[in-house]
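The next block holds one structure in the form of structure tokens; read it before the comments.
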Amino acid sequence: MKKFLAVTLGILTAIGGFVDIGDLVANSQTGARFGMRLAWVVVVGIVGICVYADMAGRIAAVSGRPVFDLIRERLGPRIALVNLAGSYLVTMLTLGAEIGGVALALHLATSVHYLLWVPVVAVVLWVVLWRTKFETLERVFGLLGLALIVFVVALFTLSVPWPDLLGQIGSGPPSTENWATYGYFAVALFAAAMTPYEVFFFSSGGVEEKWTRKDLGTERVNVFVGFPLGGLLSLAIMACAAVVFEPASVKVDAITQTTLPVGMALGKLGLAVVILGVFAATFGAALETGLSSGYTVAQYFGWEWGKRVAPRRAARFHTVVLVSVALGAALLLTTIDPVQLTEYTLLLSAVVLPLTYLPILVVANDRAYLGDQINGKIRNALGIIYLVVILIAAIAAIPLMIITGAGQ
């Protein structure tokens, strides 16, 4: 029974924790402009994150060490430093975007300007990171993030032209768009599903929870059940935007618009639930990105790290987390729009994806760390296929941003 509850909680946490500010923005914007024509990209991204998260979790369970720790040892300090620079930059920017998402959720709930909430969110975030146990962080906000299931309820409450909506899947851009913007939003959706911090947090979290070979089954169920179900929430967000905004040719550029379909379908109660879901999803993601910033830096330099380690012993780890939170908040206080920051972060994330996923594939094939649990032929084939897709997305990201004026 205890094992069953652990697996169930892990699945529910993975579902609720999958959607963050990047998924909220990318899926709602894409649905509003392309309907369900780019839904296939979400599916591709979900399979990709499952393939590599499983590698990262397996590395942690078998070796007892997180991925980033092994990257430096396996590939050398110079290559690992390039990986660290790219990953930390994207993680810190993502942290800023997530703090902005929390502030926007509080703005929706209180009508107080979101910038006034930014320093408050940053302080509360740091206190929670400092004082709360790892399992509590992961499970509480992951479970509260399940409130976003309200998008699924809203979708079946709205008047949905199902044949038209399903018929859009996989087709080219509508007459109001072109292939360049189609490609731009495809890259953004793919990057939203495969954000680098997710695998670093998943791997480090496995070490925090003291996974062993006995936990490989739990790890796989969490990945291959929880993540895809979380991806369905992303598709529901896209579909709601497609039903409400695309027929009216309305572009989504604010979180208030993202939540509007739920309010239209379910009224004030639905709106309250979706605001709770946005708050929990973005705050939970802010916790994960905050910890991930500390994980990557501390693991590269060989410092003590982790929530289970006494703060005095892991002082440098906690200092990096604090500085990262402060930098993320300071970025928002420049008055950059959180949604715009999210858009740019997703494109930059696409650029650095190869730096994250190539080393994972290398380590996952090293018997010195994994013994008989190294990748088999199927896992390697999928890993290589996705590495090619990742490279294509990385190469295309900046040119598409320039050509389309960041999707305008």
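By convention in this document, the chains of the structure tokens carry letters A, B, ... by their order, each chain's residues are numbered from 1, and ligands are numbered from 1 in the order they are shown.
Excluding A:Tyr114 and any residue on its chain fewer than 3 positions from it, the residues at most 9 Å away by only C-alpha atoms are Gly100, Val102, Ala103, Leu104, Ala105, Leu106, His107, Leu108, Ser111, Trp117 and Val118 of chain A.
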I need the alpha helix (DSSP H) residues of stretch 160-235 of chain A per DSSP on the backbone, written as a VMD selection string.
chain A and resid 162 to 168 179 to 193 196 to 208 216 to 221 227 to 235
Surrounding residues of A:Pro354 excluding itself and chain neighbours under 6 positions, 12 Å, only C-alpha atoms, as a PyMOL selection string:
chain A and resi 52+82-83+86-87+191+194-196+348+360-362+383-384+386-395
Under the rule that only C-alpha atoms are counted, which of A:Thr181, A:Gln340, A:Thr282, A:Ser349 is the nearest residue to A:Leu400?
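Of A:Thr181, A:Gln340, A:Thr282, A:Ser349, the one nearest A:Leu400 is A:Thr181, counting only C-alpha atoms.
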Determine the nearest neighbour of A:Ala241 from the options A:Gly35, A:Pro228, A:Gly167, A:Gly328, counting only C-alpha atoms.
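Looking at the shortest contact to A:Ala241, the residue is A:Gly35.
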Give the answer as one residue: which of A:Asn365, A:Cys50, A:Ile21, A:Leu333 has the shortest atom-to-atom distance to A:Lys377, using only C-alpha atoms?
A:Asn365
Between A:Ala180, A:Val153, A:Val363, A:Ile378, which one has atoms that come closest to A:Val62, using only C-alpha atoms?
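Going through A:Ala180, A:Val153, A:Val363, A:Ile378 one by one, the smallest distance to A:Val62 is for A:Val363.
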Go through A:Tyr295, A:Tyr184, A:Phe141, A:Tyr197 and flag the residue nearest A:Ala314, using only C-alpha atoms for the distances.
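Under the stated criterion, the closest residue is A:Tyr295.
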Using only C-alpha atoms, which residue out of A:Lys251, A:Arg312, A:Arg131, A:Arg367 lies closest to A:Ser63?
A:Arg367
Can you tell me, as a PyMOL selection string, what residues are no more than 7 Å from stretch 261-271 of chain A when counting only C-alpha atoms, ignoring any on the same chain fewer than 5 positions away?
chain A and resi 150-151+154+157-158+240-241+244
Could the residues in this selection be saved with N, CA and C atoms as a compact mmCIF listing (two decimals), in the first residue's frame?
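selection_6.txt was written with the following content:
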# COMPACT_ATOMS: atom_id res chain seq x y z
N VAL A 150 -9.21 22.08 -14.63
CA VAL A 150 -10.40 22.87 -14.94
C VAL A 150 -10.42 23.26 -16.41
N PHE A 151 -9.26 23.34 -17.07
CA PHE A 151 -9.24 23.59 -18.51
C PHE A 151 -9.92 22.45 -19.28
N ALA A 154 -13.62 22.85 -18.69
CA ALA A 154 -14.12 23.98 -19.49
C ALA A 154 -14.25 23.60 -20.95
N THR A 157 -17.34 21.92 -21.65
CA THR A 157 -18.50 22.76 -21.34
C THR A 157 -18.76 23.77 -22.45
N LEU A 158 -17.70 24.21 -23.12
CA LEU A 158 -17.83 25.15 -24.23
C LEU A 158 -18.48 24.48 -25.44
N CYS A 240 -8.80 25.16 -25.59
CA CYS A 240 -9.68 26.22 -25.09
C CYS A 240 -9.42 27.54 -25.81
N ALA A 241 -8.14 27.86 -26.01
CA ALA A 241 -7.80 29.08 -26.74
C ALA A 241 -8.24 28.99 -28.20
N VAL A 244 -12.13 29.64 -28.30
CA VAL A 244 -12.59 30.98 -27.92
C VAL A 244 -11.97 32.08 -28.77
For a test of reading the model, state the distance in Å between atom CA of A:Val67 and atom CA of A:Phe200, rounded to one decimal.
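Atom CA of A:Phe200 lies 6.8 Å from atom CA of A:Val67.
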Residue neighbourhood stretch 171-176 of chain A, 9 Å, only C-alpha atoms, exclusion window fewer than 2 positions, as a ChimeraX atom specification
/A:33-38,167-169,178-179,181-182,249
Could those residues be written to a file, using all heavy atoms, as a compact mmCIF listing (two decimals), in the first residue's frame?
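Below you can see out_5.txt, which holds the result:
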# COMPACT_ATOMS: atom_id res chain seq x y z
N ARG A 33 -3.88 31.42 -32.34
CA ARG A 33 -3.46 31.79 -33.70
C ARG A 33 -3.52 30.65 -34.70
O ARG A 33 -3.72 30.87 -35.90
CB ARG A 33 -2.04 32.37 -33.65
CG ARG A 33 -1.99 33.69 -32.88
CD ARG A 33 -0.61 34.29 -32.86
NE ARG A 33 -0.11 34.66 -34.18
CZ ARG A 33 0.96 35.41 -34.38
NH1 ARG A 33 1.64 35.89 -33.34
NH2 ARG A 33 1.36 35.70 -35.60
N PHE A 34 -3.34 29.41 -34.21
CA PHE A 34 -3.27 28.27 -35.13
C PHE A 34 -4.30 27.18 -34.84
O PHE A 34 -4.28 26.15 -35.50
CB PHE A 34 -1.87 27.65 -35.08
CG PHE A 34 -0.79 28.56 -35.58
CD1 PHE A 34 -0.12 29.42 -34.72
CD2 PHE A 34 -0.44 28.58 -36.93
CE1 PHE A 34 0.88 30.26 -35.17
CE2 PHE A 34 0.55 29.41 -37.40
CZ PHE A 34 1.22 30.27 -36.52
N GLY A 35 -5.17 27.42 -33.86
CA GLY A 35 -6.10 26.36 -33.50
C GLY A 35 -5.33 25.17 -32.97
O GLY A 35 -4.40 25.31 -32.19
N MET A 36 -5.67 23.97 -33.46
CA MET A 36 -4.99 22.76 -33.03
C MET A 36 -3.98 22.27 -34.07
O MET A 36 -3.52 21.13 -34.03
CB MET A 36 -6.01 21.66 -32.75
CG MET A 36 -6.96 21.98 -31.61
SD MET A 36 -6.10 22.25 -30.02
CE MET A 36 -5.58 20.58 -29.65
N ARG A 37 -3.60 23.13 -34.99
CA ARG A 37 -2.71 22.73 -36.08
C ARG A 37 -1.31 22.35 -35.60
O ARG A 37 -0.59 21.63 -36.30
CB ARG A 37 -2.62 23.85 -37.12
CG ARG A 37 -3.93 24.10 -37.86
CD ARG A 37 -3.87 25.35 -38.71
NE ARG A 37 -5.12 25.58 -39.45
CZ ARG A 37 -6.18 26.19 -38.95
NH1 ARG A 37 -6.13 26.65 -37.69
NH2 ARG A 37 -7.26 26.36 -39.67
N LEU A 38 -0.90 22.86 -34.44
CA LEU A 38 0.42 22.54 -33.91
C LEU A 38 0.36 21.61 -32.70
O LEU A 38 1.36 21.47 -31.98
CB LEU A 38 1.15 23.84 -33.54
CG LEU A 38 1.72 24.62 -34.74
CD1 LEU A 38 2.13 26.03 -34.32
CD2 LEU A 38 2.92 23.88 -35.32
N GLY A 167 -9.95 18.17 -37.08
CA GLY A 167 -9.49 18.19 -38.47
C GLY A 167 -8.30 19.11 -38.68
O GLY A 167 -7.59 18.98 -39.69
N GLN A 168 -8.09 20.05 -37.76
CA GLN A 168 -6.96 20.98 -37.89
C GLN A 168 -5.62 20.32 -37.57
O GLN A 168 -4.57 20.77 -38.05
CB GLN A 168 -7.15 22.17 -36.94
CG GLN A 168 -8.31 23.07 -37.29
CD GLN A 168 -8.50 24.16 -36.24
OE1 GLN A 168 -7.86 24.16 -35.19
NE2 GLN A 168 -9.37 25.12 -36.53
N ILE A 169 -5.65 19.26 -36.77
CA ILE A 169 -4.40 18.67 -36.25
C ILE A 169 -3.49 18.23 -37.40
O ILE A 169 -3.90 17.46 -38.26
CB ILE A 169 -4.70 17.49 -35.32
CG1 ILE A 169 -5.48 17.96 -34.09
CG2 ILE A 169 -3.40 16.79 -34.89
CD1 ILE A 169 -5.91 16.85 -33.16
N ASN A 178 1.68 32.50 -41.76
CA ASN A 178 2.59 31.98 -42.78
C ASN A 178 3.46 30.88 -42.17
O ASN A 178 3.41 30.61 -40.97
CB ASN A 178 3.45 33.10 -43.37
CG ASN A 178 4.24 33.85 -42.30
OD1 ASN A 178 4.95 33.26 -41.50
ND2 ASN A 178 4.09 35.18 -42.27
N TRP A 179 4.28 30.27 -43.00
CA TRP A 179 5.08 29.14 -42.55
C TRP A 179 6.17 29.56 -41.56
O TRP A 179 6.59 28.77 -40.71
CB TRP A 179 5.70 28.41 -43.73
CG TRP A 179 4.71 27.55 -44.45
CD1 TRP A 179 4.04 27.84 -45.60
CD2 TRP A 179 4.24 26.26 -44.03
NE1 TRP A 179 3.19 26.82 -45.94
CE2 TRP A 179 3.29 25.84 -45.00
CE3 TRP A 179 4.52 25.43 -42.95
CZ2 TRP A 179 2.64 24.60 -44.90
CZ3 TRP A 179 3.87 24.20 -42.85
CH2 TRP A 179 2.94 23.80 -43.82
N THR A 181 5.91 31.92 -39.13
CA THR A 181 5.31 31.99 -37.79
C THR A 181 4.91 30.60 -37.31
O THR A 181 4.99 30.30 -36.11
CB THR A 181 4.08 32.92 -37.76
OG1 THR A 181 3.14 32.52 -38.76
CG2 THR A 181 4.49 34.36 -38.00
N TYR A 182 4.49 29.76 -38.24
CA TYR A 182 4.17 28.37 -37.91
C TYR A 182 5.41 27.70 -37.30
O TYR A 182 5.33 27.04 -36.25
CB TYR A 182 3.74 27.65 -39.19
CG TYR A 182 3.28 26.22 -39.03
CD1 TYR A 182 1.95 25.91 -38.79
CD2 TYR A 182 4.18 25.16 -39.16
CE1 TYR A 182 1.51 24.59 -38.68
CE2 TYR A 182 3.76 23.84 -39.04
CZ TYR A 182 2.43 23.57 -38.81
OH TYR A 182 2.01 22.26 -38.70
N SER A 249 -10.05 35.81 -34.28
CA SER A 249 -8.72 36.33 -34.67
C SER A 249 -8.11 37.21 -33.57
O SER A 249 -7.54 38.26 -33.84
CB SER A 249 -8.83 37.12 -35.98
OG SER A 249 -9.26 36.29 -37.03
Can you pull out the residues contacting A:Ala26? Cut-off 10 Å, using only C-alpha atoms, and skip same-chain residues under 2 positions away; I want them as a PyMOL selection string.
chain A and resi 21-24+28-31+185-193+234+237-238+252+339+342-343+346
